[in-house]
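**Q** Sending over final_3.pdb (PDB, C-alpha atoms and all ligand atoms).
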```pdb
ATOM      1  CA  MET Z1231     137.944 -14.009 136.411
ATOM      2  CA  ALA Z1232     137.172 -13.215 132.749
ATOM      3  CA  ARG Z1233     134.417 -15.363 131.248
ATOM      4  CA  PRO Z1234     135.362 -17.645 128.321
ATOM      5  CA  TYR Z1235     134.148 -17.008 124.774
ATOM      6  CA  ARG Z1236     135.379 -20.194 123.076
ATOM      7  CA  SER Z1237     132.040 -20.923 121.412
ATOM      8  CA  VAL Z1238     129.630 -18.129 120.477
ATOM      9  CA  LEU Z1239     126.510 -19.585 118.858
ATOM     10  CA  TYR Z1240     124.221 -17.591 116.573
ATOM     11  CA  ILE Z1241     120.528 -18.410 116.866
ATOM     12  CA  PRO Z1242     117.913 -16.832 114.594
ATOM     13  CA  ALA Z1243     115.516 -15.093 116.996
ATOM     14  CA  ALA Z1244     112.629 -16.285 114.822
ATOM     15  CA  ASN Z1245     113.484 -19.892 115.744
ATOM     16  CA  GLU Z1246     111.800 -20.500 119.102
ATOM     17  CA  ARG Z1247     112.756 -24.176 119.145
ATOM     18  CA  ALA Z1248     116.463 -23.331 118.738
ATOM     19  CA  MET Z1249     116.325 -20.612 121.429
ATOM     20  CA  GLU Z1250     114.808 -23.156 123.809
ATOM     21  CA  LYS Z1251     117.378 -25.782 122.876
ATOM     22  CA  ALA Z1252     120.237 -23.348 123.507
ATOM     23  CA  ARG Z1253     119.526 -23.406 127.239
ATOM     24  CA  THR Z1254     121.025 -26.916 127.316
ATOM     25  CA  LEU Z1255     123.872 -26.483 124.797
ATOM     26  CA  GLN Z1256     127.539 -26.188 125.757
ATOM     27  CA  ALA Z1257     127.966 -22.680 124.330
ATOM     28  CA  ASP Z1258     129.957 -20.059 126.210
ATOM     29  CA  ALA Z1259     127.816 -17.335 124.637
ATOM     30  CA  ILE Z1260     124.720 -17.027 122.489
ATOM     31  CA  ILE Z1261     124.024 -14.394 119.852
ATOM     32  CA  PHE Z1262     120.263 -14.013 119.442
ATOM     33  CA  ASP Z1263     120.118 -12.749 115.894
ATOM     34  CA  LEU Z1264     117.569 -10.209 114.698
ATOM     35  CA  GLU Z1265     119.642  -9.306 111.640
ATOM     36  CA  ASP Z1266     120.700 -11.510 108.719
ATOM     37  CA  ALA Z1267     119.242 -14.813 109.981
ATOM     38  CA  VAL Z1268     115.742 -13.317 110.144
ATOM     39  CA  ALA Z1269     113.710 -12.627 107.006
ATOM     40  CA  PRO Z1270     112.233  -9.107 106.649
ATOM     41  CA  SER Z1271     108.714 -10.524 107.018
ATOM     42  CA  GLU Z1272     109.656 -12.122 110.362
ATOM     43  CA  LYS Z1273     111.457  -9.202 112.034
ATOM     44  CA  ALA Z1274     108.601  -8.199 114.326
ATOM     45  CA  THR Z1275     107.648 -11.736 115.369
ATOM     46  CA  ALA Z1276     111.329 -12.520 116.001
ATOM     47  CA  ARG Z1277     111.583  -9.518 118.336
ATOM     48  CA  ASP Z1278     108.544 -10.750 120.259
ATOM     49  CA  ALA Z1279     109.841 -14.327 120.411
ATOM     50  CA  LEU Z1280     113.161 -13.028 121.700
ATOM     51  CA  ALA Z1281     111.452 -11.045 124.454
ATOM     52  CA  ARG Z1282     109.731 -14.258 125.596
ATOM     53  CA  ALA Z1283     112.916 -16.351 125.365
ATOM     54  CA  LEU Z1284     114.981 -13.882 127.387
ATOM     55  CA  LYS Z1285     112.650 -14.391 130.335
ATOM     56  CA  SER Z1286     114.022 -17.936 130.704
ATOM     57  CA  ASP Z1287     117.298 -18.945 132.292
ATOM     58  CA  TYR Z1288     120.371 -19.317 130.065
ATOM     59  CA  GLY Z1289     122.639 -20.258 132.971
ATOM     60  CA  PRO Z1290     126.243 -19.080 132.673
ATOM     61  CA  ARG Z1291     126.026 -18.478 128.907
ATOM     62  CA  ALA Z1292     126.554 -14.846 127.888
ATOM     63  CA  ARG Z1293     123.445 -13.469 126.145
ATOM     64  CA  ILE Z1294     124.170 -11.140 123.235
ATOM     65  CA  VAL Z1295     121.502  -9.670 120.941
ATOM     66  CA  ARG Z1296     122.448  -8.732 117.375
ATOM     67  CA  ILE Z1297     120.200  -5.920 116.206
ATOM     68  CA  ASN Z1298     119.656  -4.589 112.693
ATOM     69  CA  ALA Z1299     121.616  -1.524 111.616
ATOM     70  CA  LEU Z1300     120.088   1.720 112.891
ATOM     71  CA  ASP Z1301     119.629   3.029 109.369
ATOM     72  CA  SER Z1302     117.641  -0.080 108.347
ATOM     73  CA  ASP Z1303     113.852  -0.365 108.642
ATOM     74  CA  TRP Z1304     114.119  -2.322 111.892
ATOM     75  CA  GLY Z1305     117.155  -0.974 113.780
ATOM     76  CA  ARG Z1306     115.430   1.652 115.921
ATOM     77  CA  GLN Z1307     112.698  -0.770 117.030
ATOM     78  CA  ASP Z1308     115.345  -3.375 117.837
ATOM     79  CA  ALA Z1309     117.247  -0.836 119.940
ATOM     80  CA  ALA Z1310     114.049   0.152 121.756
ATOM     81  CA  ALA Z1311     113.333  -3.515 122.486
ATOM     82  CA  CYS Z1312     116.876  -3.991 123.822
ATOM     83  CA  ALA Z1313     116.425  -1.017 126.145
ATOM     84  CA  GLY Z1314     113.577  -3.031 127.684
ATOM     85  CA  PHE Z1315     115.754  -6.159 128.070
ATOM     86  CA  ALA Z1316     117.808  -4.584 130.873
ATOM     87  CA  GLY Z1317     119.321  -7.293 133.052
ATOM     88  CA  GLN Z1318     118.353  -9.993 130.534
ATOM     89  CA  VAL Z1319     121.154  -9.390 128.030
ATOM     90  CA  ASP Z1320     124.885  -9.063 128.540
ATOM     91  CA  ALA Z1321     125.562  -7.073 125.386
ATOM     92  CA  VAL Z1322     124.077  -5.721 122.179
ATOM     93  CA  LEU Z1323     125.953  -6.553 118.975
ATOM     94  CA  VAL Z1324     125.897  -3.813 116.348
ATOM     95  CA  PRO Z1325     126.230  -4.910 112.685
ATOM     96  CA  LYS Z1326     128.113  -3.176 109.866
ATOM     97  CA  VAL Z1327     129.961  -0.776 112.173
ATOM     98  CA  ASP Z1328     132.233   1.433 110.038
ATOM     99  CA  GLY Z1329     133.747   3.614 112.752
ATOM    100  CA  ALA Z1330     133.395   5.008 116.264
ATOM    101  CA  ALA Z1331     130.606   7.408 115.216
ATOM    102  CA  GLY Z1332     128.323   4.453 114.439
ATOM    103  CA  LEU Z1333     128.804   3.216 117.981
ATOM    104  CA  ASP Z1334     128.112   6.686 119.432
ATOM    105  CA  ARG Z1335     124.623   6.612 117.912
ATOM    106  CA  ILE Z1336     123.650   3.286 119.457
ATOM    107  CA  ALA Z1337     125.454   4.081 122.737
ATOM    108  CA  ALA Z1338     123.165   7.088 123.170
ATOM    109  CA  LEU Z1339     120.079   4.874 122.770
ATOM    110  CA  LEU Z1340     121.367   2.138 125.107
ATOM    111  CA  PRO Z1341     123.234   3.952 127.875
ATOM    112  CA  ASP Z1342     123.354   0.952 130.228
ATOM    113  CA  THR Z1343     124.198  -1.925 127.882
ATOM    114  CA  PRO Z1344     127.709  -3.036 126.875
ATOM    115  CA  LEU Z1345     128.168  -2.945 123.102
ATOM    116  CA  TRP Z1346     129.882  -5.368 120.753
ATOM    117  CA  ALA Z1347     130.725  -4.558 117.132
ATOM    118  CA  MET Z1348     130.500  -6.700 113.995
ATOM    119  CA  MET Z1349     133.777  -6.171 112.139
ATOM    120  CA  GLU Z1350     132.699  -6.865 108.565
ATOM    121  CA  THR Z1351     133.275  -3.891 106.292
ATOM    122  CA  PRO Z1352     136.469  -2.577 104.667
ATOM    123  CA  GLN Z1353     135.933   0.732 106.551
ATOM    124  CA  ALA Z1354     135.802  -1.175 109.845
ATOM    125  CA  MET Z1355     139.133  -2.855 109.059
ATOM    126  CA  LEU Z1356     140.721   0.541 108.420
ATOM    127  CA  ASN Z1357     139.084   2.056 111.537
ATOM    128  CA  ALA Z1358     139.568  -0.979 113.795
ATOM    129  CA  ALA Z1359     141.665   0.973 116.308
ATOM    130  CA  GLU Z1360     139.082   3.718 116.897
ATOM    131  CA  ILE Z1361     136.283   1.142 117.128
ATOM    132  CA  ALA Z1362     138.206  -0.935 119.669
ATOM    133  CA  ALA Z1363     139.021   2.213 121.660
ATOM    134  CA  HIS Z1364     135.348   3.160 122.019
ATOM    135  CA  PRO Z1365     134.639   3.407 125.771
ATOM    136  CA  ARG Z1366     131.337   1.531 125.507
ATOM    137  CA  LEU Z1367     132.735  -1.327 123.424
ATOM    138  CA  ALA Z1368     133.280  -4.668 125.187
ATOM    139  CA  GLY Z1369     133.795  -7.079 122.305
ATOM    140  CA  MET Z1370     134.330  -7.536 118.577
ATOM    141  CA  VAL Z1371     133.036 -10.255 116.222
ATOM    142  CA  MET Z1372     134.570 -10.901 112.822
ATOM    143  CA  GLY Z1373     131.939 -10.960 110.058
ATOM    144  CA  THR Z1374     133.956 -12.820 107.477
ATOM    145  CA  ASN Z1375     131.008 -13.510 105.150
ATOM    146  CA  ASP Z1376     130.170  -9.845 104.714
ATOM    147  CA  LEU Z1377     133.836  -8.951 104.523
ATOM    148  CA  ALA Z1378     134.416 -11.502 101.737
ATOM    149  CA  LYS Z1379     131.412 -10.067  99.894
ATOM    150  CA  GLU Z1380     132.725  -6.496 100.208
ATOM    151  CA  LEU Z1381     136.266  -7.451  99.198
ATOM    152  CA  ASN Z1382     135.102  -9.638  96.311
ATOM    153  CA  SER Z1383     137.452 -12.270  97.683
ATOM    154  CA  ARG Z1384     137.154 -16.030  97.279
ATOM    155  CA  PHE Z1385     136.713 -18.481 100.158
ATOM    156  CA  ARG Z1386     139.969 -20.343 100.652
ATOM    157  CA  ALA Z1387     140.836 -22.928 103.280
ATOM    158  CA  ASP Z1388     143.866 -20.873 104.354
ATOM    159  CA  ARG Z1389     141.795 -17.633 104.504
ATOM    160  CA  LEU Z1390     144.648 -15.720 102.884
ATOM    161  CA  PRO Z1391     142.329 -12.934 101.621
ATOM    162  CA  MET Z1392     141.049 -12.425 105.196
ATOM    163  CA  GLN Z1393     144.418 -12.227 106.893
ATOM    164  CA  ALA Z1394     144.918  -8.452 106.701
ATOM    165  CA  GLY Z1395     141.473  -7.776 108.194
ATOM    166  CA  LEU Z1396     141.714 -10.482 110.838
ATOM    167  CA  GLY Z1397     145.136  -9.226 111.883
ATOM    168  CA  LEU Z1398     144.129  -5.556 112.046
ATOM    169  CA  CYS Z1399     141.075  -6.314 114.198
ATOM    170  CA  LEU Z1400     143.023  -8.605 116.491
ATOM    171  CA  LEU Z1401     145.722  -5.957 116.978
ATOM    172  CA  ALA Z1402     143.068  -3.347 117.747
ATOM    173  CA  ALA Z1403     141.202  -5.569 120.224
ATOM    174  CA  ARG Z1404     144.375  -6.489 122.071
ATOM    175  CA  ALA Z1405     145.628  -2.896 122.120
ATOM    176  CA  HIS Z1406     142.427  -1.874 123.906
ATOM    177  CA  GLY Z1407     141.795  -4.964 126.032
ATOM    178  CA  LYS Z1408     138.604  -6.076 124.263
ATOM    179  CA  VAL Z1409     137.256  -9.585 123.635
ATOM    180  CA  ILE Z1410     137.484 -10.691 119.992
ATOM    181  CA  VAL Z1411     135.935 -13.768 118.365
ATOM    182  CA  ASP Z1412     136.539 -15.144 114.890
ATOM    183  CA  GLY Z1413     133.983 -15.409 112.061
ATOM    184  CA  VAL Z1414     131.738 -18.360 111.209
ATOM    185  CA  PHE Z1415     132.620 -21.509 109.235
ATOM    186  CA  ASN Z1416     129.704 -21.981 106.871
ATOM    187  CA  ALA Z1417     130.001 -25.712 106.059
ATOM    188  CA  PHE Z1418     128.554 -26.774 109.384
ATOM    189  CA  ARG Z1419     128.775 -30.531 108.699
ATOM    190  CA  ASP Z1420     132.502 -30.353 107.795
ATOM    191  CA  GLU Z1421     134.168 -31.092 111.146
ATOM    192  CA  HIS Z1422     137.657 -31.356 109.624
ATOM    193  CA  GLY Z1423     137.409 -27.956 107.927
ATOM    194  CA  LEU Z1424     135.986 -26.348 111.060
ATOM    195  CA  ARG Z1425     138.803 -27.713 113.213
ATOM    196  CA  ALA Z1426     141.443 -26.378 110.845
ATOM    197  CA  GLU Z1427     139.842 -22.921 110.852
ATOM    198  CA  CYS Z1428     139.434 -22.935 114.656
ATOM    199  CA  GLU Z1429     143.098 -23.858 115.030
ATOM    200  CA  GLN Z1430     144.126 -21.032 112.735
ATOM    201  CA  GLY Z1431     142.017 -18.579 114.744
ATOM    202  CA  ARG Z1432     143.346 -19.898 118.046
ATOM    203  CA  ASP Z1433     146.955 -19.690 116.822
ATOM    204  CA  MET Z1434     146.371 -16.072 115.773
ATOM    205  CA  GLY Z1435     145.053 -15.190 119.242
ATOM    206  CA  PHE Z1436     141.258 -15.038 118.933
ATOM    207  CA  ASP Z1437     139.282 -15.784 122.111
ATOM    208  CA  GLY Z1438     136.865 -18.087 120.302
ATOM    209  CA  LYS Z1439     134.753 -18.630 117.232
ATOM    210  CA  THR Z1440     131.252 -17.689 116.207
ATOM    211  CA  LEU Z1441     129.218 -20.747 115.210
ATOM    212  CA  ILE Z1442     125.989 -21.409 113.343
ATOM    213  CA  HIS Z1443     125.049 -24.956 114.400
ATOM    214  CA  PRO Z1444     125.210 -26.977 117.647
ATOM    215  CA  ALA Z1445     127.341 -29.600 115.861
ATOM    216  CA  GLN Z1446     130.191 -27.056 115.851
ATOM    217  CA  LEU Z1447     130.262 -26.462 119.625
ATOM    218  CA  ALA Z1448     132.480 -29.319 120.798
ATOM    219  CA  THR Z1449     135.263 -28.533 118.327
ATOM    220  CA  ALA Z1450     135.405 -24.833 119.200
ATOM    221  CA  ASN Z1451     135.261 -25.566 122.923
ATOM    222  CA  GLU Z1452     138.157 -27.982 122.595
ATOM    223  CA  VAL Z1453     140.392 -25.940 120.308
ATOM    224  CA  PHE Z1454     140.027 -22.647 122.206
ATOM    225  CA  ALA Z1455     140.640 -24.214 125.640
ATOM    226  CA  PRO Z1456     144.170 -24.617 126.984
ATOM    227  CA  THR Z1457     145.330 -28.219 126.516
ATOM    228  CA  ASP Z1458     146.349 -30.399 129.472
ATOM    229  CA  ALA Z1459     149.958 -30.063 128.299
ATOM    230  CA  GLU Z1460     149.686 -26.253 128.252
ATOM    231  CA  ILE Z1461     148.214 -26.234 131.759
ATOM    232  CA  GLU Z1462     150.935 -28.525 133.054
ATOM    233  CA  MET Z1463     153.642 -26.418 131.404
ATOM    234  CA  ALA Z1464     152.125 -23.219 132.851
ATOM    235  CA  ARG Z1465     152.261 -24.709 136.361
ATOM    236  CA  ARG Z1466     155.872 -25.828 135.913
ATOM    237  CA  GLN Z1467     156.918 -22.420 134.556
ATOM    238  CA  ILE Z1468     155.353 -20.583 137.492
ATOM    239  CA  GLU Z1469     156.916 -22.983 139.987
ATOM    240  CA  ALA Z1470     160.353 -22.786 138.374
ATOM    241  CA  PHE Z1471     160.239 -18.991 138.175
ATOM    242  CA  GLU Z1472     159.167 -18.640 141.812
ATOM    243  CA  GLN Z1473     162.000 -20.949 142.839
ATOM    244  CA  ALA Z1474     164.483 -18.921 140.766
ATOM    245  CA  ALA Z1475     163.164 -15.656 142.248
ATOM    246  CA  ALA Z1476     163.602 -17.040 145.768
ATOM    247  CA  GLU Z1477     167.248 -17.657 144.834
ATOM    248  CA  GLY Z1478     167.587 -14.062 143.644
ATOM    249  CA  LYS Z1479     167.531 -14.912 139.909
ATOM    250  CA  GLY Z1480     165.376 -13.217 137.264
ATOM    251  CA  VAL Z1481     165.289 -16.131 134.847
ATOM    252  CA  ALA Z1482     164.408 -19.828 135.171
ATOM    253  CA  VAL Z1483     164.812 -22.654 132.681
ATOM    254  CA  VAL Z1484     162.172 -25.309 131.943
ATOM    255  CA  ASP Z1485     162.845 -28.062 129.395
ATOM    256  CA  GLY Z1486     165.742 -26.111 127.948
ATOM    257  CA  ARG Z1487     163.757 -22.866 127.430
ATOM    258  CA  ILE Z1488     164.056 -19.663 129.404
ATOM    259  CA  VAL Z1489     161.188 -18.486 131.589
ATOM    260  CA  GLU Z1490     161.033 -14.769 132.354
ATOM    261  CA  ASN Z1491     158.360 -12.686 134.061
ATOM    262  CA  LEU Z1492     156.488 -12.181 130.760
ATOM    263  CA  HIS Z1493     156.243 -15.952 130.283
ATOM    264  CA  VAL Z1494     154.916 -16.216 133.830
ATOM    265  CA  ALA Z1495     152.204 -13.656 132.982
ATOM    266  CA  THR Z1496     151.178 -15.820 130.001
ATOM    267  CA  ALA Z1497     151.256 -18.933 132.196
ATOM    268  CA  ARG Z1498     149.005 -17.278 134.783
ATOM    269  CA  ALA Z1499     146.588 -16.205 132.031
ATOM    270  CA  THR Z1500     146.475 -19.831 130.821
ATOM    271  CA  LEU Z1501     145.588 -21.060 134.320
ATOM    272  CA  ASP Z1502     142.958 -18.310 134.701
ATOM    273  CA  ARG Z1503     141.392 -19.345 131.396
ATOM    274  CA  ALA Z1504     141.338 -23.007 132.442
ATOM    275  CA  GLN Z1505     139.718 -22.038 135.741
ATOM    276  CA  ALA Z1506     137.060 -19.908 134.001
ATOM    277  CA  ILE Z1507     136.244 -22.820 131.679
ATOM    278  CA  ALA Z1508     135.969 -25.210 134.620
ATOM    279  CA  ALA Z1509     133.639 -22.752 136.379
ATOM    280  CA  MET Z1510     131.499 -22.596 133.237
ATOM    281  CA  ALA Z1511     131.214 -26.392 133.131
ATOM    282  CA  GLY Z1512     130.477 -26.567 136.848
TER     283      GLY Z1512
HETATM  284  C1  LIG N1601     122.043 -23.745 109.300
HETATM  285  C2  LIG N1601     120.693 -24.067 109.869
HETATM  286  C3  LIG N1601     119.607 -23.417 109.013
HETATM  287  C4  LIG N1601     120.468 -25.586 109.865
HETATM  288  O1  LIG N1601     119.234 -25.834 110.488
HETATM  289  P1  LIG N1601     118.581 -27.280 110.546
HETATM  290  O2  LIG N1601     118.503 -27.842 109.151
HETATM  291  O3  LIG N1601     117.306 -27.185 111.317
HETATM  292  O4  LIG N1601     119.643 -28.119 111.332
HETATM  293  P2  LIG N1601     119.461 -29.493 112.026
HETATM  294  O5  LIG N1601     118.239 -30.188 111.566
HETATM  295  O6  LIG N1601     120.746 -30.206 111.884
HETATM  296  O7  LIG N1601     119.269 -29.083 113.552
HETATM  297  C5  LIG N1601     119.423 -30.028 114.571
HETATM  298  C6  LIG N1601     118.913 -29.491 115.856
HETATM  299  O8  LIG N1601     119.694 -28.357 116.244
HETATM  300  C7  LIG N1601     118.872 -27.201 116.372
HETATM  301  N1  LIG N1601     119.625 -26.062 115.858
HETATM  302  C8  LIG N1601     120.043 -25.860 114.609
HETATM  303  N2  LIG N1601     120.745 -24.731 114.518
HETATM  304  C9  LIG N1601     120.749 -24.219 115.770
HETATM  305  C10 LIG N1601     121.321 -23.042 116.319
HETATM  306  N3  LIG N1601     122.007 -22.181 115.554
HETATM  307  N4  LIG N1601     121.173 -22.858 117.631
HETATM  308  C11 LIG N1601     120.477 -23.706 118.412
HETATM  309  N5  LIG N1601     119.912 -24.857 117.946
HETATM  310  C12 LIG N1601     120.045 -25.070 116.642
HETATM  311  C13 LIG N1601     117.641 -27.507 115.546
HETATM  312  O9  LIG N1601     116.560 -26.735 116.043
HETATM  313  C14 LIG N1601     117.489 -28.974 115.775
HETATM  314  O10 LIG N1601     116.943 -29.187 117.071
HETATM  315  P3  LIG N1601     115.974 -30.399 117.390
HETATM  316  O11 LIG N1601     114.653 -29.980 116.833
HETATM  317  O12 LIG N1601     115.990 -30.537 118.858
HETATM  318  O13 LIG N1601     116.540 -31.607 116.704
HETATM  319  C15 LIG N1601     120.583 -23.601 111.340
HETATM  320  O14 LIG N1601     121.564 -24.253 112.054
HETATM  321  C16 LIG N1601     120.673 -22.113 111.529
HETATM  322  O15 LIG N1601     119.714 -21.394 111.275
HETATM  323  N6  LIG N1601     121.829 -21.616 112.003
HETATM  324  C17 LIG N1601     122.027 -20.250 112.352
HETATM  325  C18 LIG N1601     122.195 -19.390 111.123
HETATM  326  C19 LIG N1601     122.458 -17.985 111.524
HETATM  327  O16 LIG N1601     122.217 -17.581 112.631
HETATM  328  N7  LIG N1601     123.011 -17.178 110.608
HETATM  329  C20 LIG N1601     123.339 -15.818 110.880
HETATM  330  C21 LIG N1601     124.608 -15.703 111.589
HETATM  331  S1  LIG N1601     126.043 -15.919 110.613
HETATM  332  C22 LIG N1601     126.321 -14.329 109.990
HETATM  333  O17 LIG N1601     125.450 -13.547 109.959
HETATM  334  C23 LIG N1601     127.657 -14.053 109.525
HETATM  335  C24 LIG N1601     128.243 -12.675 109.747
HETATM  336  O18 LIG N1601     127.374 -11.607 109.875
HETATM  337  C25 LIG N1601     129.190 -12.462 108.608
HETATM  338  O19 LIG N1601     129.050 -11.465 107.875
HETATM  339  O20 LIG N1601     130.076 -13.288 108.459
HETATM  340 MG    MG N1602     127.425 -10.061 108.479
END
```
Here is a file; write its structure as structure tokens.
Ligand SMILES: CC(C)(COP(=O)(O)OP(=O)(O)OC[C@H]1O[C@@H](n2cnc3c(N)ncnc32)[C@H](O)[C@@H]1OP(=O)(O)O)[C@@H](O)C(=O)NCCC(=O)NCCSC(=O)C[C@H](O)C(=O)O
Ligand SMILES: [Mg+2]
**A**
Amino acid sequence: MARPYRSVLYIPAANERAMEKARTLQADAIIFDLEDAVAPSEKATARDALARALKSDYGPRARIVRINALDSDWGRQDAAACAGFAGQVDAVLVPKVDGAAGLDRIAALLPDTPLWAMMETPQAMLNAAEIAAHPRLAGMVMGTNDLAKELNSRFRADRLPMQAGLGLCLLAARAHGKVIVDGVFNAFRDEHGLRAECEQGRDMGFDGKTLIHPAQLATANEVFAPTDAEIEMARRQIEAFEQAAAEGKGVAVVDGRIVENLHVATARATLDRAQAIAAMAG
């Protein structure tokens, strides 16, 4: 059963209080951030604080560490620290990945750790397919703040300037069977705006959303979970199709709509997702 990634919460690794608090928060995954949320003067203490935090139990939450870029002043030391976190992290998230070669370099340093890639540069959008195809890559995270900066685009509620990049990365992730989560919504006290952006991401097909504050968790968890109506419909579609198959037919009808084997595959995926979410809560 695939684990859910509805809510993926960034925590600055310099913030010990927040890392402690995260052990009780309803996040499907945590990104312990050594990169942009940590000031240059705090990089070393953040690495040490992270090493201490990772010794504690984060329950079913996936633990992902975002390191600094390898060509920065801190990247190599971050990678060395991650090599020592074996068994304590589920993945290392690599920022500013431009192409598969960037992943090769970090893959060589961390041979036993699954890698995730920040998708946040114009080059990454154009090379999304080769990044997603990388054999060591397990997941992708949209970095919509950096992408907006690079594109010189404006923030808009409909995210029109982001659509080409979001779509390319989603296509690439799905083509290669990788997890993909949407970018952050910066106005963390704006519940209405967050919900609208989560719904857009969910409608597009993202697995979940990256978040910056605990107040955003409940909305992402709700929007990226199958609704009760979707679960009920999935059950009815499977039942109707199995009944039709037993009668030698290849197509069933539910509420005036056809149900074929591809719809049954989607229905089963919906039930699997609901079950994985229930297991997480349990
Ligand atoms: C945005 C914040 C700086 C706000 O912090 P603060 O003012 O302390 O918030 P609150 O007082 O409302 O906090 C209430 C309690 O919640 C805890 N808290 C806050 N944030 C987190 C968190 N992210 N995880 C866990 N717990 C958190 C506080 O400690 C308070 O607890 P308590 O003491 O018990 O009351 C802050 O939220 C923050 O730093 N957020 C994360 C910012 C971050 O990680 N940014 C980098 C990632 S986004 C990015 O890089 C984008 C990407 O690369 C791109 O290009 O798009
Ligand atoms: Mg970024």
**Q** Take the PyMOL selection byres (((chain Z and resi 1488-1502) around 10) and not hetatm), apply it to the structure above, and return the hits as a PDB file with C-alpha atoms, in the frame of the given file.
**A**
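For reference, out_26.pdb as written:
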```
ATOM      1  CA  MET Z1231     137.944 -14.009 136.411  1.00  0.00           C
ATOM      2  CA  ALA Z1232     137.172 -13.215 132.749  1.00  0.00           C
ATOM      3  CA  ARG Z1233     134.417 -15.363 131.248  1.00  0.00           C
ATOM      4  CA  PRO Z1234     135.362 -17.645 128.321  1.00  0.00           C
ATOM      5  CA  ALA Z1455     140.640 -24.214 125.640  1.00  0.00           C
ATOM      6  CA  PRO Z1456     144.170 -24.617 126.984  1.00  0.00           C
ATOM      7  CA  THR Z1457     145.330 -28.219 126.516  1.00  0.00           C
ATOM      8  CA  GLU Z1460     149.686 -26.253 128.252  1.00  0.00           C
ATOM      9  CA  ILE Z1461     148.214 -26.234 131.759  1.00  0.00           C
ATOM     10  CA  GLU Z1462     150.935 -28.525 133.054  1.00  0.00           C
ATOM     11  CA  MET Z1463     153.642 -26.418 131.404  1.00  0.00           C
ATOM     12  CA  ALA Z1464     152.125 -23.219 132.851  1.00  0.00           C
ATOM     13  CA  ARG Z1465     152.261 -24.709 136.361  1.00  0.00           C
ATOM     14  CA  ARG Z1466     155.872 -25.828 135.913  1.00  0.00           C
ATOM     15  CA  GLN Z1467     156.918 -22.420 134.556  1.00  0.00           C
ATOM     16  CA  ILE Z1468     155.353 -20.583 137.492  1.00  0.00           C
ATOM     17  CA  GLU Z1469     156.916 -22.983 139.987  1.00  0.00           C
ATOM     18  CA  ALA Z1470     160.353 -22.786 138.374  1.00  0.00           C
ATOM     19  CA  PHE Z1471     160.239 -18.991 138.175  1.00  0.00           C
ATOM     20  CA  GLU Z1472     159.167 -18.640 141.812  1.00  0.00           C
ATOM     21  CA  ALA Z1474     164.483 -18.921 140.766  1.00  0.00           C
ATOM     22  CA  ALA Z1475     163.164 -15.656 142.248  1.00  0.00           C
ATOM     23  CA  LYS Z1479     167.531 -14.912 139.909  1.00  0.00           C
ATOM     24  CA  GLY Z1480     165.376 -13.217 137.264  1.00  0.00           C
ATOM     25  CA  VAL Z1481     165.289 -16.131 134.847  1.00  0.00           C
ATOM     26  CA  ALA Z1482     164.408 -19.828 135.171  1.00  0.00           C
ATOM     27  CA  VAL Z1483     164.812 -22.654 132.681  1.00  0.00           C
ATOM     28  CA  VAL Z1484     162.172 -25.309 131.943  1.00  0.00           C
ATOM     29  CA  ASP Z1485     162.845 -28.062 129.395  1.00  0.00           C
ATOM     30  CA  GLY Z1486     165.742 -26.111 127.948  1.00  0.00           C
ATOM     31  CA  ARG Z1487     163.757 -22.866 127.430  1.00  0.00           C
ATOM     32  CA  ARG Z1503     141.392 -19.345 131.396  1.00  0.00           C
ATOM     33  CA  ALA Z1504     141.338 -23.007 132.442  1.00  0.00           C
ATOM     34  CA  GLN Z1505     139.718 -22.038 135.741  1.00  0.00           C
ATOM     35  CA  ALA Z1506     137.060 -19.908 134.001  1.00  0.00           C
ATOM     36  CA  ILE Z1507     136.244 -22.820 131.679  1.00  0.00           C
ATOM     37  CA  ALA Z1508     135.969 -25.210 134.620  1.00  0.00           C
TER      38      ALA Z1508
END
```
**Q** Could you list, as a PyMOL selection string, all the residues within 9 Å of ligand LIG 1601 (chain N), counting only C-alpha atoms and all ligand atoms?
**A** chain Z and resi 1239-1243+1245-1253+1255+1260-1268+1325-1326+1348-1351+1371-1379+1413-1419+1440-1445
**Q** Which one of Z:Val1327, Z:Leu1300, Z:Tyr1235, Z:Ala1309 sits closest to ligand MG 1602 (chain N) if you count only C-alpha atoms and all ligand atoms?
**A**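 The closest residue to ligand MG 1602 (chain N) is Z:Val1327.
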**Q** Suppose you want the space between CA of Gly1431 in chain Z and CA of Glu1452 in chain Z; what is it in Å?
**A**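 These two atoms are separated by 12.8 Å.
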**Q** Name the residues that the PyMOL selection byres (((chain Z and resi 1305) around 12) and not hetatm) picks from the file above, as a PyMOL selection string, using the file's chain letters and numbers.
**A** chain Z and resi 1264-1265+1270+1273-1274+1277+1296-1304+1306-1312+1322-1326+1335-1336+1339
**Q** To verify the selection step, state as a ChimeraX atom specification which residues the PyMOL selection byres (((chain Z and resi 1291) around 8) and not hetatm) yields on this input.
**A** /Z:1257-1260,1288-1290,1292-1293
**Q** Between CA of Leu1447 in chain Z and CA of Ala1283 in chain Z, what distance in Å does the model show, to one decimal?
**A**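 Going from CA of Leu1447 in chain Z over to CA of Ala1283 in chain Z, I get 20.9 Å.
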**Q** From the list Z:Asp1278, Z:Asp1388, Z:Asp1412, Z:Asp1328, which residue is nearest Ala1359 in chain Z when using only C-alpha atoms?
**A**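 Of the candidates, the smallest distance to Ala1359 in chain Z is held by Z:Asp1328.
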**Q** Go through Z:Ala1450, Z:Ala1279, Z:Arg1236, Z:Ala1347 one by one, measure the shortest atom-to-atom distance of each to ligand MG 1602 (chain N) using only C-alpha atoms and all ligand atoms, and give the residue with the smallest value.
**A** Z:Ala1347
**Q** So how many Å separate CA of Gly1369 in chain Z and CA of Leu1345 in chain Z, to one decimal?
**A**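 CA of Gly1369 in chain Z sits 7.0 Å away from CA of Leu1345 in chain Z.
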